[in-house]
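To start, the structure itself, in structure tokens.
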Amino acid sequence: MAVFFAILMALLLFVVIFQIAKASEYVAVLKGEKSSRAQANKVNAFLMISFLVLGLFGVYFCNEELKDKLLPRAASIQGVAIDHMMNITLVITGIVFLATQITLFTFAFRYRSSEKRKAKYFPENNKLELAWTIIPALAMTVLVGIGLKHWFELTSEAPANAMVVEVTGHQFNWFFRYPGKDGELGKKNYQLIDPGKNNPLGQDWSDPANQDDFVSSVLYLVVNRPVKLIINSQDVVHDVGLPYFRLKMDAVPGIPTTLWFTPTITTAQMARITGDDNFTYKLICDQLCGKGHYSMVANIVVETQAEFDQFVSQQKPQYQFAMASLKPPPADTSSKAAPADTSAKPAAAGSGASGLR
Ligand SMILES: [Cu+2]
């Protein structure tokens, strides 16, 4: 019913506006075209300058309202550099925005049609055209250049002391695989993917490097230690969005992508900075990937090396879960045996991890 009335109101409003426009047309005919055009020019000139003032006030108002709701300060070395780049871009484009908009609307107001003035015929000016082509081109080259420099750094070879984590996107959750003590991620084969056999990532158990790899549903990182993410997807294109670290990278099926960065603020420190005791870093899927996209969020814990070592010591390799599910259940206790885990969640979600999700 409310929708019906809303549509009716909109229709009536349209009719009213249409009638006013028609009436003003008749008034124009009565008053004579010349004077009515002068009147319209005045109104339009006034509207131009009002739009400028209201628009600039709107920009200021939104900025004041929303500046406290922005993300807290960047929590990685690379994030600080990217914020710096964003600020340079905002200052340059902001100056251009203000200069062009103020000039545009002020000129429209100041030089409205008048009997006392005659428009000057000004067909072309090569110097002017060169200036407004070269200056923006140079500015854009500098801005894109800074961006490319960051891009090449983030996707380059990670420092030697970097830890490695494999990130796999799957509709609609994330898996984080750590290489274990040998520091090497075991081979995978998509044909071996079988969550029912506790092998959600398709690890090849014939590769010894796989025997100590463990899988977590929470991304654990060490503060001030570079981390290299090797990013995969099992189905559609996802995106590893790391807003607190100011980074993102697509997860593309069949084409592993990489990204490395250095977190600088632990979760506990960030809780103090934001004044939020329950603060949690998030990894958010940044690519619309299906109906569960909104829920494709994983928690990130940034902690000290000692805390991380303790977390690692508590992890059971995925190999053990997989082998347990391969064993036939003992004859007398088979009725009590838990069924194989058929969910896509890794069994080794980590004792500290599962509670956080
Ligand atoms: Cu996704």
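Identifiers for the structure tokens are assigned positionally: chains receive A, B, ... in sequence, residues are indexed from 1 per chain, and ligands are indexed from 1 in the order shown.
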
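Those residues that approach segment 136-145 of chain A to within 12 Å, counting only C-alpha atoms, are Ile82, His84, Met85, Met86, Asn87, Ile88, Thr89, Leu90, Val91, Ile92, Thr93, Val96, Glu129, Leu130, Trp151 and Phe152 of chain A; same-chain residues fewer than 6 positions away are not listed.
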
* Nearby residues, ligand 1, 10 Å, only C-alpha atoms and all ligand atoms, as JSON, numbers by chain -> {"A": [169, 170, 171, 172, 173, 174, 233, 235, 236, 237, 238, 239, 240, 241, 250, 251, 284, 285, 286, 287, 288, 289, 290, 291, 292, 293, 294, 295, 296, 297]}

* Asked: For Gly147 of chain A, which of A:Ser114, A:Thr304, A:Gln78, A:Asn189 is the closest residue, counting only C-alpha atoms?
  ->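 Of the candidates, the smallest distance to Gly147 of chain A is held by A:Gln78.
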
* Of the residues A:Thr258, A:Ser113, A:Ser206, A:Asn44, which is the one nearest to Ala158 of chain A, using only C-alpha atoms? ->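 Closest to Ala158 of chain A, using only C-alpha atoms: A:Thr258.
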
* **Minimum-distance residue to Phe311 of chain A, chosen among A:Val218, A:Pro159, A:Tyr244, A:Glu124 (using only C-alpha atoms)** =>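 Ranked by minimum distance to Phe311 of chain A, first place goes to A:Val218.
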
* Work out how far apart atom CA of Trp260 of chain A and atom CA of Arg246 of chain A are and give it in Å to one decimal. => 12.1 Å

* segment 262-269 of chain A: which residues within 9 Å, counting only C-alpha atoms, same-chain residues fewer than 3 positions away excluded, as a PyMOL selection string? -> chain A and resi 74-79+162+221-228+245+272-274+277+279-281+300-304
